[in-house]
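Asks: Here you go, this is model07.txt (compact mmCIF, C-alpha atoms and all ligand atoms).
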# COMPACT_ATOMS: atom_id res chain seq x y z
CA MET S 1 3.20 -41.91 30.11
CA ARG S 2 0.61 -39.12 30.28
CA LEU S 3 2.44 -36.66 28.02
CA LYS S 4 2.77 -39.19 25.20
CA GLU S 5 -0.86 -40.19 25.58
CA ASP S 6 -1.92 -36.56 25.47
CA ILE S 7 0.18 -35.97 22.34
CA ALA S 8 -1.29 -39.03 20.63
CA ASN S 9 -4.81 -37.85 21.44
CA GLN S 10 -4.14 -34.36 20.15
CA LEU S 11 -2.67 -35.74 16.91
CA ILE S 12 -5.73 -37.94 16.44
CA ARG S 13 -8.11 -35.08 17.22
CA ALA S 14 -6.41 -32.80 14.67
CA ARG S 15 -6.52 -35.49 11.99
CA ARG S 16 -10.19 -36.17 12.60
CA ARG S 17 -10.81 -32.53 11.85
CA SER S 18 -8.63 -32.42 8.71
CA ASP S 19 -10.35 -35.58 7.46
CA ALA S 20 -13.82 -34.20 8.12
CA LEU S 21 -13.01 -30.95 6.28
CA THR S 22 -11.71 -32.79 3.24
CA GLU S 23 -14.38 -35.52 3.20
CA ALA S 24 -17.20 -32.97 3.28
CA VAL S 25 -16.88 -32.02 -0.39
CA GLU S 26 -16.49 -33.80 -3.72
CA GLU S 27 -13.07 -34.44 -5.22
CA ALA S 28 -13.42 -31.59 -7.70
CA ASP S 29 -13.97 -29.21 -4.77
CA LEU S 30 -10.75 -30.44 -3.15
CA THR S 31 -8.55 -29.65 -6.12
CA ARG S 32 -10.33 -26.44 -7.23
CA GLN S 33 -9.27 -23.03 -6.02
CA HIS S 34 -12.22 -21.35 -4.31
CA SER S 35 -10.46 -17.98 -4.02
CA PRO S 36 -7.06 -16.72 -5.19
CA LEU S 37 -6.45 -15.94 -1.48
CA MET S 38 -6.57 -19.62 -0.59
CA SER S 39 -4.90 -22.89 -1.51
CA PRO S 40 -6.89 -25.80 -2.92
CA LEU S 41 -8.02 -27.88 0.08
CA VAL S 42 -5.94 -30.80 -1.13
CA TRP S 43 -2.80 -28.62 -0.92
CA ASP S 44 -3.43 -27.82 2.76
CA TYR S 45 -4.08 -31.47 3.47
CA ALA S 46 -0.84 -32.77 1.91
CA HIS S 47 1.12 -29.79 3.30
CA ILE S 48 -0.01 -30.82 6.79
CA GLY S 49 1.46 -34.28 6.15
CA ASN S 50 4.64 -32.89 4.59
CA GLN S 51 5.39 -30.60 7.59
CA GLU S 52 4.76 -33.55 9.86
CA GLU S 53 7.19 -35.66 7.83
CA LEU S 54 9.88 -32.95 7.83
CA TRP S 55 9.78 -32.30 11.58
CA LEU S 56 8.67 -35.52 13.23
CA VAL S 57 9.72 -38.32 10.86
CA ARG S 58 13.00 -36.89 9.54
CA ASP S 59 14.21 -34.48 12.22
CA VAL S 60 12.91 -35.88 15.53
CA GLY S 61 12.84 -39.50 14.35
CA GLY S 62 16.00 -39.39 12.23
CA ARG S 63 14.20 -41.62 9.70
CA GLU S 64 14.62 -41.77 5.95
CA PRO S 65 12.43 -39.39 3.88
CA ILE S 66 9.14 -40.85 2.65
CA ARG S 67 8.57 -38.42 -0.25
CA ALA S 68 11.52 -36.01 -0.51
CA ASP S 69 10.43 -35.46 -4.12
CA ILE S 70 7.33 -33.49 -3.08
CA ASP S 71 8.92 -31.20 -0.48
CA SER S 72 9.13 -28.21 -2.79
CA LEU S 73 5.47 -28.50 -3.90
CA TYR S 74 4.35 -28.07 -0.31
CA ASP S 75 6.86 -25.40 0.67
CA ALA S 76 4.67 -22.33 1.26
CA PHE S 77 7.59 -20.01 0.46
CA GLN S 78 8.26 -21.45 -2.99
CA HIS S 79 4.70 -21.13 -4.28
CA PRO S 80 2.25 -18.34 -3.39
CA ARG S 81 -1.31 -19.48 -2.77
CA ARG S 82 -2.62 -18.15 -6.05
CA ASP S 83 -0.24 -20.44 -8.00
CA ARG S 84 -0.85 -23.63 -6.08
CA PRO S 85 -3.72 -25.04 -8.21
CA SER S 86 -1.42 -25.25 -11.25
CA LEU S 87 1.22 -27.37 -9.45
CA PRO S 88 1.42 -31.14 -10.02
CA LEU S 89 -0.09 -31.76 -6.57
CA LEU S 90 -0.91 -35.16 -5.12
CA GLY S 91 -4.52 -36.02 -5.89
CA PRO S 92 -6.99 -36.56 -3.04
CA ALA S 93 -6.44 -40.33 -2.81
CA GLU S 94 -2.65 -40.05 -3.03
CA ALA S 95 -2.67 -37.27 -0.44
CA ARG S 96 -4.70 -39.40 1.97
CA SER S 97 -2.38 -42.32 1.57
CA TYR S 98 0.70 -40.07 2.02
CA VAL S 99 -0.49 -38.35 5.20
CA GLY S 100 -1.57 -41.74 6.56
CA THR S 101 1.89 -43.22 5.98
CA VAL S 102 3.50 -40.23 7.67
CA ARG S 103 1.18 -40.54 10.65
CA ASP S 104 1.94 -44.27 11.12
CA LYS S 105 5.64 -43.47 11.32
CA VAL S 106 5.01 -40.58 13.68
CA PHE S 107 3.28 -42.84 16.20
CA ASP S 108 6.32 -45.08 15.97
CA VAL S 109 8.65 -42.13 16.52
CA LEU S 110 6.56 -40.90 19.45
CA ASP S 111 6.84 -44.30 21.05
CA ALA S 112 10.60 -44.45 20.56
CA THR S 113 11.56 -40.90 21.54
CA ALA S 114 12.37 -39.66 25.04
CA LEU S 115 10.67 -36.28 25.40
CA GLU S 116 13.62 -34.62 27.07
CA GLY S 117 17.27 -33.84 26.58
CA ARG S 118 16.96 -32.11 23.24
CA ARG S 119 15.27 -28.75 23.04
CA LEU S 120 13.21 -29.72 19.96
CA VAL S 121 11.48 -32.56 21.80
CA ASP S 122 11.62 -31.29 25.37
CA GLN S 123 8.12 -31.59 26.88
CA GLY S 124 6.91 -32.74 23.48
CA PHE S 125 7.50 -29.36 21.80
CA ALA S 126 7.93 -30.56 18.18
CA PHE S 127 4.81 -32.72 18.47
CA GLY S 128 2.91 -29.76 19.91
CA MET S 129 4.15 -27.54 17.12
CA ILE S 130 2.88 -30.03 14.54
CA VAL S 131 -0.49 -30.44 16.30
CA GLN S 132 -0.88 -26.66 16.25
CA HIS S 133 0.26 -26.48 12.64
CA GLU S 134 -2.41 -28.97 11.57
CA GLN S 135 -5.09 -27.12 13.57
CA GLN S 136 -4.01 -23.78 12.07
CA HIS S 137 -4.39 -25.22 8.59
CA ASP S 138 -7.76 -26.67 9.59
CA GLU S 139 -8.85 -23.13 10.43
CA THR S 140 -7.48 -22.00 7.06
CA MET S 141 -9.50 -24.76 5.40
CA MET S 142 -12.59 -23.49 7.24
CA ALA S 143 -11.97 -20.07 5.66
CA THR S 144 -11.77 -21.79 2.27
CA HIS S 145 -15.05 -23.58 2.98
CA GLN S 146 -16.63 -20.24 3.87
CA LEU S 147 -15.49 -18.77 0.51
CA ARG S 148 -16.68 -21.79 -1.45
CA ARG S 149 -19.86 -21.39 -3.54
CA GLY S 150 -22.42 -24.13 -3.95
CA ALA S 151 -24.54 -26.32 -1.74
CA PRO S 152 -23.67 -26.25 1.97
CA ALA S 153 -21.13 -28.92 2.98
CA LEU S 154 -20.74 -28.19 6.69
CA SER S 155 -23.42 -27.74 9.33
CA ALA S 156 -23.57 -27.36 13.09
CA GLY S 157 -25.90 -26.01 15.73
CA PRO S 158 -25.27 -22.56 17.23
CA PRO S 159 -23.40 -22.25 20.52
CA ASN S 160 -25.75 -21.83 23.45
CA PRO S 161 -23.62 -20.99 26.47
CA PRO S 162 -24.84 -18.97 29.43
CA ARG S 163 -24.79 -15.26 28.71
CA ASP S 164 -24.53 -12.19 30.93
CA ARG S 165 -26.51 -9.19 29.75
CA ASP S 166 -26.19 -5.73 31.32
CA LEU S 167 -22.42 -5.94 31.58
CA PRO S 168 -20.53 -2.70 32.01
CA ARG S 169 -19.38 -1.66 28.55
CA GLU S 170 -15.76 -1.15 29.61
CA VAL S 171 -13.45 -1.92 32.51
CA LEU S 172 -10.50 0.10 33.74
CA VAL S 173 -7.11 -1.59 33.63
CA PRO S 174 -4.72 0.25 35.96
CA GLY S 175 -1.34 1.46 34.74
CA GLY S 176 1.72 -0.56 35.70
CA THR S 177 3.95 -3.40 34.71
CA PHE S 178 2.84 -6.93 33.87
CA THR S 179 4.58 -10.00 32.46
CA MET S 180 4.06 -10.31 28.72
CA GLY S 181 5.02 -13.49 26.85
CA THR S 182 6.18 -16.74 28.43
CA ASP S 183 9.20 -18.87 29.29
CA VAL S 184 7.22 -21.74 30.78
CA GLU S 185 4.38 -22.61 28.40
CA PRO S 186 5.75 -25.83 26.87
CA TRP S 187 4.13 -25.54 23.45
CA ALA S 188 4.38 -21.74 23.09
CA LEU S 189 5.91 -20.81 19.75
CA ASP S 190 9.04 -18.70 19.38
CA ASN S 191 7.24 -15.37 18.89
CA GLU S 192 5.51 -15.70 22.30
CA ARG S 193 8.88 -15.83 24.08
CA PRO S 194 10.55 -14.70 26.25
CA ALA S 195 8.59 -13.52 29.30
CA ARG S 196 9.44 -9.87 29.97
CA PRO S 197 8.07 -6.96 31.99
CA VAL S 198 5.98 -4.51 29.96
CA HIS S 199 4.54 -1.26 31.27
CA THR S 200 1.18 0.14 30.21
CA GLN S 201 -0.59 3.35 31.11
CA ALA S 202 -4.08 2.97 32.56
CA TYR S 203 -6.69 2.25 29.88
CA TRP S 204 -10.31 1.29 29.44
CA ILE S 205 -11.08 -1.84 27.44
CA ASP S 206 -14.45 -3.07 26.20
CA THR S 207 -15.82 -6.03 28.14
CA VAL S 208 -17.03 -7.65 24.90
CA PRO S 209 -16.15 -7.62 21.21
CA VAL S 210 -17.89 -5.14 18.90
CA SER S 211 -21.21 -6.71 17.84
CA ASN S 212 -23.00 -6.77 14.51
CA ALA S 213 -25.54 -4.33 16.00
CA ASP S 214 -22.71 -1.96 16.93
CA PHE S 215 -21.16 -2.26 13.50
CA ILE S 216 -24.48 -1.62 11.72
CA ALA S 217 -24.72 1.65 13.71
CA PHE S 218 -21.36 2.63 12.18
CA ILE S 219 -22.62 1.74 8.69
CA ASP S 220 -25.93 3.59 9.23
CA ASP S 221 -24.04 6.66 10.41
CA GLY S 222 -22.15 6.76 7.11
CA GLY S 223 -18.95 5.45 8.67
CA TYR S 224 -17.71 3.92 5.42
CA ASP S 225 -18.13 7.25 3.63
CA ASP S 226 -16.47 9.58 6.11
CA PRO S 227 -12.70 9.96 5.67
CA ARG S 228 -12.40 11.38 9.21
CA TRP S 229 -12.54 7.86 10.62
CA TRP S 230 -10.00 6.28 8.29
CA THR S 231 -6.24 6.40 8.06
CA PRO S 232 -5.01 7.53 4.62
CA GLU S 233 -4.07 3.92 3.75
CA GLY S 234 -7.42 2.69 5.04
CA TRP S 235 -9.34 5.28 3.05
CA ALA S 236 -7.42 4.40 -0.11
CA HIS S 237 -8.13 0.72 0.42
CA ARG S 238 -11.81 1.30 1.23
CA SER S 239 -12.11 3.33 -1.98
CA SER S 240 -10.24 1.00 -4.34
CA SER S 241 -11.96 -2.11 -2.96
CA ASP S 242 -15.38 -0.53 -2.58
CA LEU S 243 -15.77 -1.59 1.05
CA ASN S 244 -19.22 -0.89 2.46
CA ALA S 245 -19.93 -3.77 4.86
CA PRO S 246 -18.17 -6.82 6.31
CA LEU S 247 -17.29 -9.56 3.83
CA PHE S 248 -20.19 -11.93 3.04
CA TRP S 249 -22.82 -9.29 3.94
CA ARG S 250 -25.58 -8.05 1.64
CA HIS S 251 -28.28 -5.44 2.19
CA GLU S 252 -31.87 -6.04 1.14
CA GLY S 253 -34.66 -3.64 2.05
CA THR S 254 -34.01 -2.77 5.66
CA GLN S 255 -32.30 -6.03 6.50
CA TRP S 256 -28.66 -7.11 6.45
CA TRP S 257 -28.09 -10.69 5.30
CA ARG S 258 -24.96 -12.78 5.30
CA ARG S 259 -23.81 -15.96 3.61
CA ARG S 260 -22.38 -18.41 6.14
CA PHE S 261 -21.06 -21.75 4.88
CA GLY S 262 -23.43 -21.67 1.95
CA VAL S 263 -26.55 -20.58 3.85
CA ASP S 264 -28.15 -17.12 3.60
CA GLU S 265 -29.38 -15.81 6.93
CA PRO S 266 -30.20 -12.48 8.55
CA VAL S 267 -27.16 -10.99 10.29
CA PRO S 268 -27.61 -11.86 13.98
CA LEU S 269 -27.34 -8.58 15.89
CA PRO S 270 -25.81 -9.77 19.20
CA GLU S 271 -22.95 -11.71 17.58
CA PRO S 272 -19.42 -10.28 17.44
CA VAL S 273 -18.83 -8.80 14.00
CA GLN S 274 -16.46 -10.89 11.89
CA HIS S 275 -14.87 -10.75 8.45
CA VAL S 276 -13.70 -7.16 8.87
CA CYS S 277 -10.21 -6.04 7.93
CA TRP S 278 -7.88 -4.04 10.17
CA TYR S 279 -8.75 -0.80 8.37
CA GLU S 280 -12.47 -1.30 9.05
CA ALA S 281 -11.80 -2.11 12.71
CA ASP S 282 -9.55 0.92 13.09
CA ALA S 283 -12.14 3.22 11.42
CA TYR S 284 -14.96 1.90 13.60
CA ALA S 285 -12.91 2.51 16.74
CA ARG S 286 -12.18 6.13 15.74
CA TRP S 287 -15.87 6.67 14.94
CA ALA S 288 -16.74 5.33 18.40
CA GLY S 289 -14.31 7.80 20.02
CA LYS S 290 -11.99 4.95 20.92
CA ARG S 291 -9.05 3.05 19.42
CA LEU S 292 -7.88 -0.52 19.03
CA PRO S 293 -5.98 -1.90 22.03
CA THR S 294 -2.26 -2.39 21.58
CA GLU S 295 -1.08 -5.96 21.71
CA ALA S 296 0.32 -5.38 25.22
CA GLU S 297 -3.01 -3.95 26.38
CA TRP S 298 -4.88 -6.92 24.95
CA GLU S 299 -2.55 -9.39 26.69
CA LYS S 300 -2.65 -7.55 30.01
CA ALA S 301 -6.47 -7.56 29.94
CA ALA S 302 -6.39 -11.28 29.16
CA ARG S 303 -3.70 -12.47 31.58
CA TRP S 304 -2.98 -10.04 34.38
CA ASP S 305 -4.41 -11.04 37.75
CA PRO S 306 -4.76 -7.97 39.98
CA ALA S 307 -4.93 -10.15 43.11
CA THR S 308 -1.48 -11.68 42.63
CA GLY S 309 0.18 -9.53 39.97
CA ARG S 310 0.85 -12.74 37.98
CA SER S 311 0.08 -13.32 34.34
CA ARG S 312 -2.15 -16.36 33.83
CA ARG S 313 -2.15 -18.82 30.93
CA TYR S 314 -5.73 -17.92 29.98
CA PRO S 315 -8.24 -15.26 31.08
CA TRP S 316 -10.00 -17.76 33.39
CA GLY S 317 -6.79 -19.03 35.00
CA ASP S 318 -4.20 -21.69 34.30
CA ALA S 319 -6.55 -24.61 33.48
CA ASP S 320 -6.65 -25.90 29.90
CA PRO S 321 -9.66 -24.66 27.89
CA GLU S 322 -12.94 -26.48 28.40
CA VAL S 323 -16.20 -26.13 26.50
CA ARG S 324 -17.60 -23.88 29.24
CA HIS S 325 -14.75 -21.37 28.88
CA ALA S 326 -14.78 -20.46 25.21
CA ASN S 327 -16.23 -21.10 21.76
CA LEU S 328 -13.42 -22.96 19.99
CA GLY S 329 -12.66 -25.83 17.67
CA GLY S 330 -15.11 -25.10 14.85
CA ALA S 331 -17.89 -26.94 16.67
CA HIS S 332 -20.51 -24.26 15.96
CA LEU S 333 -19.47 -22.55 12.72
CA GLN S 334 -20.19 -19.12 14.21
CA PRO S 335 -19.37 -16.86 17.16
CA ALA S 336 -21.54 -16.74 20.29
CA PRO S 337 -23.49 -13.59 21.25
CA VAL S 338 -21.50 -10.94 23.11
CA GLY S 339 -21.56 -11.48 26.87
CA SER S 340 -21.44 -15.27 26.49
CA TYR S 341 -19.09 -17.56 28.42
CA PRO S 342 -19.01 -15.90 31.86
CA ASP S 343 -16.83 -18.85 32.98
CA GLY S 344 -14.17 -17.69 30.55
CA ALA S 345 -14.03 -14.05 31.70
CA SER S 346 -10.80 -12.49 32.98
CA PRO S 347 -10.39 -11.37 36.61
CA LEU S 348 -11.22 -7.79 35.58
CA GLY S 349 -14.42 -8.96 33.87
CA VAL S 350 -13.39 -8.97 30.20
CA TYR S 351 -15.35 -11.57 28.20
CA GLN S 352 -14.64 -13.70 25.13
CA LEU S 353 -10.97 -12.84 24.84
CA ILE S 354 -10.32 -16.42 23.76
CA GLY S 355 -12.60 -17.90 21.09
CA ASP S 356 -15.42 -16.39 18.99
CA VAL S 357 -13.37 -13.99 16.82
CA TRP S 358 -9.70 -13.18 16.32
CA GLU S 359 -9.25 -9.63 17.60
CA TRP S 360 -7.31 -7.08 15.59
CA THR S 361 -4.90 -5.05 17.72
CA ALA S 362 -3.30 -1.69 16.97
CA SER S 363 0.14 -3.31 16.82
CA ASP S 364 2.42 -4.41 14.01
CA PHE S 365 3.80 -7.96 14.19
CA THR S 366 7.19 -7.20 15.69
CA ARG S 367 10.12 -9.06 17.20
CA PRO S 368 9.83 -9.36 20.98
CA PRO S 369 12.93 -8.15 22.88
CA GLY S 370 15.09 -11.22 23.52
CA PHE S 371 13.49 -13.19 20.65
CA VAL S 372 15.31 -16.24 19.31
CA ALA S 373 13.96 -17.97 16.18
CA PHE S 374 13.11 -21.61 16.99
CA PRO S 375 13.03 -24.09 15.41
CA TYR S 376 12.86 -22.32 12.03
CA ARG S 377 13.01 -18.70 10.90
CA GLU S 378 10.09 -19.11 8.53
CA TYR S 379 7.52 -19.62 11.28
CA SER S 380 7.77 -16.04 12.62
CA GLU S 381 10.96 -14.17 12.00
CA VAL S 382 10.57 -13.54 8.29
CA PHE S 383 7.20 -11.85 8.97
CA PHE S 384 8.40 -9.34 11.58
CA GLY S 385 8.18 -5.68 10.58
CA GLY S 386 5.48 -3.27 9.51
CA ASP S 387 3.59 -5.32 6.93
CA TYR S 388 1.38 -7.36 9.26
CA LYS S 389 -0.98 -6.49 12.12
CA VAL S 390 -1.35 -8.72 15.16
CA LEU S 391 -4.58 -10.53 15.97
CA ARG S 392 -5.13 -12.06 19.40
CA GLY S 393 -7.34 -14.54 21.19
CA GLY S 394 -8.48 -17.06 18.59
CA SER S 395 -11.73 -17.50 16.68
CA TRP S 396 -14.55 -20.02 17.03
CA ALA S 397 -12.67 -21.97 14.33
CA ALA S 398 -9.37 -22.10 16.24
CA ASP S 399 -8.59 -25.20 18.26
CA ARG S 400 -7.87 -25.17 21.98
CA SER S 401 -4.40 -26.59 21.30
CA ALA S 402 -3.59 -23.53 19.19
CA VAL S 403 -4.76 -20.66 21.44
CA ARG S 404 -3.40 -19.23 24.70
CA GLY S 405 -3.11 -15.89 26.45
CA THR S 406 0.27 -15.45 24.76
CA PHE S 407 -0.58 -16.77 21.27
CA ARG S 408 0.05 -14.30 18.44
CA ASN S 409 -1.57 -14.41 15.03
CA TRP S 410 -0.89 -11.92 12.25
CA ASP S 411 -2.16 -10.96 8.81
CA TYR S 412 -2.16 -8.11 6.29
CA PRO S 413 -4.39 -5.17 7.33
CA ILE S 414 -6.57 -5.69 4.23
CA ARG S 415 -7.44 -9.33 4.96
CA ARG S 416 -10.95 -10.28 6.01
CA GLN S 417 -11.63 -13.80 4.79
CA ILE S 418 -10.24 -14.82 8.21
CA PHE S 419 -12.56 -15.00 11.23
CA SER S 420 -11.54 -11.55 12.42
CA GLY S 421 -13.33 -9.06 14.65
CA PHE S 422 -12.16 -6.67 17.36
CA ARG S 423 -12.89 -4.82 20.56
CA CYS S 424 -12.07 -1.21 21.43
CA ALA S 425 -10.01 0.50 24.11
CA ARG S 426 -9.30 4.09 25.15
CA ASP S 427 -6.85 6.01 27.28
CA ALA S 428 -7.61 6.67 30.93
CA ALA S 429 -6.18 9.16 33.36
CA ASP S 430 -3.42 7.32 35.25
CA VAL S 431 -4.69 5.61 38.39
C1 LIG S 501 0.27 -17.93 12.26
C2 LIG S 501 -1.79 -18.33 11.16
C3 LIG S 501 -0.31 -16.61 10.36
O1 LIG S 501 -1.38 -19.74 8.58
O2 LIG S 501 0.07 -18.36 7.78
C4 LIG S 501 0.84 -22.27 9.03
C5 LIG S 501 0.49 -20.32 10.64
N1 LIG S 501 2.59 -21.11 9.51
N2 LIG S 501 1.88 -22.79 8.37
C6 LIG S 501 -0.38 -19.03 8.70
C7 LIG S 501 1.29 -21.21 9.74
C8 LIG S 501 2.97 -22.09 8.65
C9 LIG S 501 0.33 -18.93 10.03
N3 LIG S 501 -0.37 -17.97 10.96
FE FE S 502 1.83 -24.42 7.05
What would you get if you wrote out this structure as structure tokens?

Replies:
Amino acid sequence: MRLKEDIANQLIRARRRSDALTEAVEEADLTRQHSPLMSPLVWDYAHIGNQEELWLVRDVGGREPIRADIDSLYDAFQHPRRDRPSLPLLGPAEARSYVGTVRDKVFDVLDATALEGRRLVDQGFAFGMIVQHEQQHDETMMATHQLRRGAPALSAGPPNPPRDRDLPREVLVPGGTFTMGTDVEPWALDNERPARPVHTQAYWIDTVPVSNADFIAFIDDGGYDDPRWWTPEGWAHRSSSDLNAPLFWRHEGTQWWRRRFGVDEPVPLPEPVQHVCWYEADAYARWAGKRLPTEAEWEKAARWDPATGRSRRYPWGDADPEVRHANLGGAHLQPAPVGSYPDGASPLGVYQLIGDVWEWTASDFTRPPGFVAFPYREYSEVFFGGDYKVLRGGSWAADRSAVRGTFRNWDYPIRRQIFSGFRCARDAADV
């Protein structure tokens, strides 16, 4: 059966990545905390296995627990990241053996389970949720690797896709109603549902993300030192945290340098800026005479097809992501220059909406009208409200199984160890 084969392949692909990320460093680097913002790598690894046991072995499979005794260690809500290194965690070898045992049982469960009849397994949902969960933690582990000091452990060549230069800077998205969210995407998570009509005014949106060259112009113009561009909260944060450039950047002479996975290199000007927090993105946009797009505006630019009025699964259409569409999966360890991936552009000519960098939006992470928590409140519902800002699209480190036109990510507005960038928008006269 094709669905089961696809699920098995996606599980294997995710595990290959988790294994590579944890085999790349010495044992001491797996158990150490590289930043108080992050878990030790060995926590992520065993947590991946524990979630898989909870949902696929116990719930879907109805099997006996393998290690009920460790559930609370790997419950993200019981222990904040900063406390995780002091827990009696499984060591690297034990963790490998545990996640391997879980995975063996999961293949057995997959074989034995009809993927219909029960909402949790319908069209393979629970398996898809667990594939995405593993890939999300793999991206988190990439952020830990980026924070880690010491000799480089990961390497990869740069992306080299075709690139369009001389693009228009912005495109006009007409006012009107489009379908936001989805009822039909089988592995969409609860916060992407349901599909509903949403109206936007006409707006202009940048065809590409803000580049390092653009962002340096903001720095050179004194953008970090001018309170006109910052919200009061942003200005307070910029002042208390001494923000003056994206995370991992350093200025020497007339040159900006950055540290990327343990290697110092000149900041590449045509690349989308990354490692900026929401406050920096918001200040840049105001400096540029623009603003961040709302979440609805971002999604309309990414999904709305003016020819049919339909919302597509991805900017390029309904086909699953291929290498030619977007920079995904952590294959290159960096974003591609702005204007890359013409095959992944939206019908209106907006580039790189999926892949390269997560894009901050103006919007808080809120409950969609008609939302129903499924299968657990702690995935989305407990985060709704004004504390988190929404990021859209997916970074170069996000996997294709864990990004879509409807996918919603969120984080605190001060966070920038994530692979976050942005693009700008502005109001237009209604057309
Ligand atoms: C959706 C990326 C914000 O990593 O905190 C992982 C995903 N949820 N384990 C996160 C998640 C539970 C979540 N984000
Ligand atoms: Fe998790």

Asks: Return as a PyMOL selection string every polymer residue, whether protein, DNA or RNA, with at least one atom no more than 7 Å from an atom of ligand FE 502 (chain S); count only C-alpha atoms and all ligand atoms.

Replies: chain S and resi 47-48+76+133+137

Asks: Could you give me, as a tab-separated table, every chain S residue with an atom at most 10 Å from ligand LIG 501 (chain S), plus its closest atom pair and distance in Å to one decimal, counting only C-alpha atoms and all ligand atoms, rows ordered by chain then number?

Replies:
residue	atom	partner	partner_atom	distance
S:Asp44	CA	S:LIG501	N2	9.2
S:His47	CA	S:LIG501	N2	8.7
S:Ile48	CA	S:LIG501	N2	8.4
S:Gln51	CA	S:LIG501	N2	8.6
S:Asp75	CA	S:LIG501	C8	9.5
S:Ala76	CA	S:LIG501	C8	7.6
S:Phe77	CA	S:LIG501	C8	9.6
S:Ile130	CA	S:LIG501	N2	9.6
S:Gln132	CA	S:LIG501	C5	8.6
S:His133	CA	S:LIG501	C4	5.6
S:Glu134	CA	S:LIG501	C4	7.9
S:Gln135	CA	S:LIG501	C4	8.9
S:Gln136	CA	S:LIG501	C5	5.9
S:His137	CA	S:LIG501	C4	6.0
S:Asp138	CA	S:LIG501	O1	9.5
S:Glu139	CA	S:LIG501	O1	8.4
S:Thr140	CA	S:LIG501	O1	6.7
S:Leu189	CA	S:LIG501	C1	9.8
S:Asn191	CA	S:LIG501	C1	10.0
S:Glu378	CA	S:LIG501	C8	7.7
S:Tyr379	CA	S:LIG501	N1	5.4
S:Ser380	CA	S:LIG501	C1	7.7
S:Phe383	CA	S:LIG501	C3	9.0
S:Tyr388	CA	S:LIG501	C3	9.5
S:Val390	CA	S:LIG501	C3	9.3
S:Leu391	CA	S:LIG501	C3	9.3
S:Ala398	CA	S:LIG501	C2	9.9
S:Ala402	CA	S:LIG501	C1	9.7
S:Phe407	CA	S:LIG501	C1	9.1
S:Arg408	CA	S:LIG501	C1	7.2
S:Asn409	CA	S:LIG501	C1	4.8
S:Trp410	CA	S:LIG501	C3	5.1
S:Asp411	CA	S:LIG501	C3	6.1
S:Tyr412	CA	S:LIG501	C3	9.6
S:Ile418	CA	S:LIG501	C2	9.6

Asks: Would you please work out which residue, of S:Lys300, S:His145, S:Arg310, S:Arg286, is nearest to Thr200 in chain S when using all atoms listed in the file?

Replies: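 Among the listed residues, the smallest separation from Thr200 in chain S belongs to S:Lys300.
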
Asks: Pick from S:Glu252, S:Glu271, S:Asp164, S:Tyr376: nearest to Gly344 in chain S, with only C-alpha atoms counted?

Replies: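 Once distances to Gly344 in chain S are computed over only C-alpha atoms, the minimum belongs to S:Asp164.
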
Asks: Quick one: residues within 12 Å of (-26.9, -17.5, 6.5) (file frame), counting only C-alpha atoms, please, as a ChimeraX atom specification.

Replies: /S:146,152,155,158,248-250,256-268,333-334

Asks: Using all atoms listed in the file, which residue out of S:Arg400, S:Arg118, S:Lys389, S:Arg324 lies closest to Pro162 in chain S?

Replies: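 Between S:Arg400, S:Arg118, S:Lys389, S:Arg324, the residue approaching Pro162 in chain S most closely is S:Arg324.
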
Asks: Rank nothing, just name the residue among S:Ala93, S:Ile216, S:Asn50, S:Gly309 nearest to His251 in chain S, using only C-alpha atoms.

Replies: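 Among the listed residues, the smallest separation from His251 in chain S belongs to S:Ile216.
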
Asks: Excluding Asp29 in chain S and its own-chain neighbours fewer than 5 positions away, which residues fall within 10 Å of it when counting all atoms listed in the file? Please give them as an MDAnalysis selection string.

Replies: chainID S and resid 22 24 34 40:42 145 148:150

Asks: The selected residues should be written to file as a compact mmCIF listing (two decimals), in the coordinates of the input (atoms: C-alpha atoms).

Replies:
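Saved file part.txt follows:
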# COMPACT_ATOMS: atom_id res chain seq x y z
CA THR S 22 -11.71 -32.79 3.24
CA ALA S 24 -17.20 -32.97 3.28
CA HIS S 34 -12.22 -21.35 -4.31
CA PRO S 40 -6.89 -25.80 -2.92
CA LEU S 41 -8.02 -27.88 0.08
CA VAL S 42 -5.94 -30.80 -1.13
CA HIS S 145 -15.05 -23.58 2.98
CA ARG S 148 -16.68 -21.79 -1.45
CA ARG S 149 -19.86 -21.39 -3.54
CA GLY S 150 -22.42 -24.13 -3.95

Asks: To one decimal place, how far is CA of Phe384 in chain S from CA of Gln417 in chain S in Å?

Replies: 21.6 Å
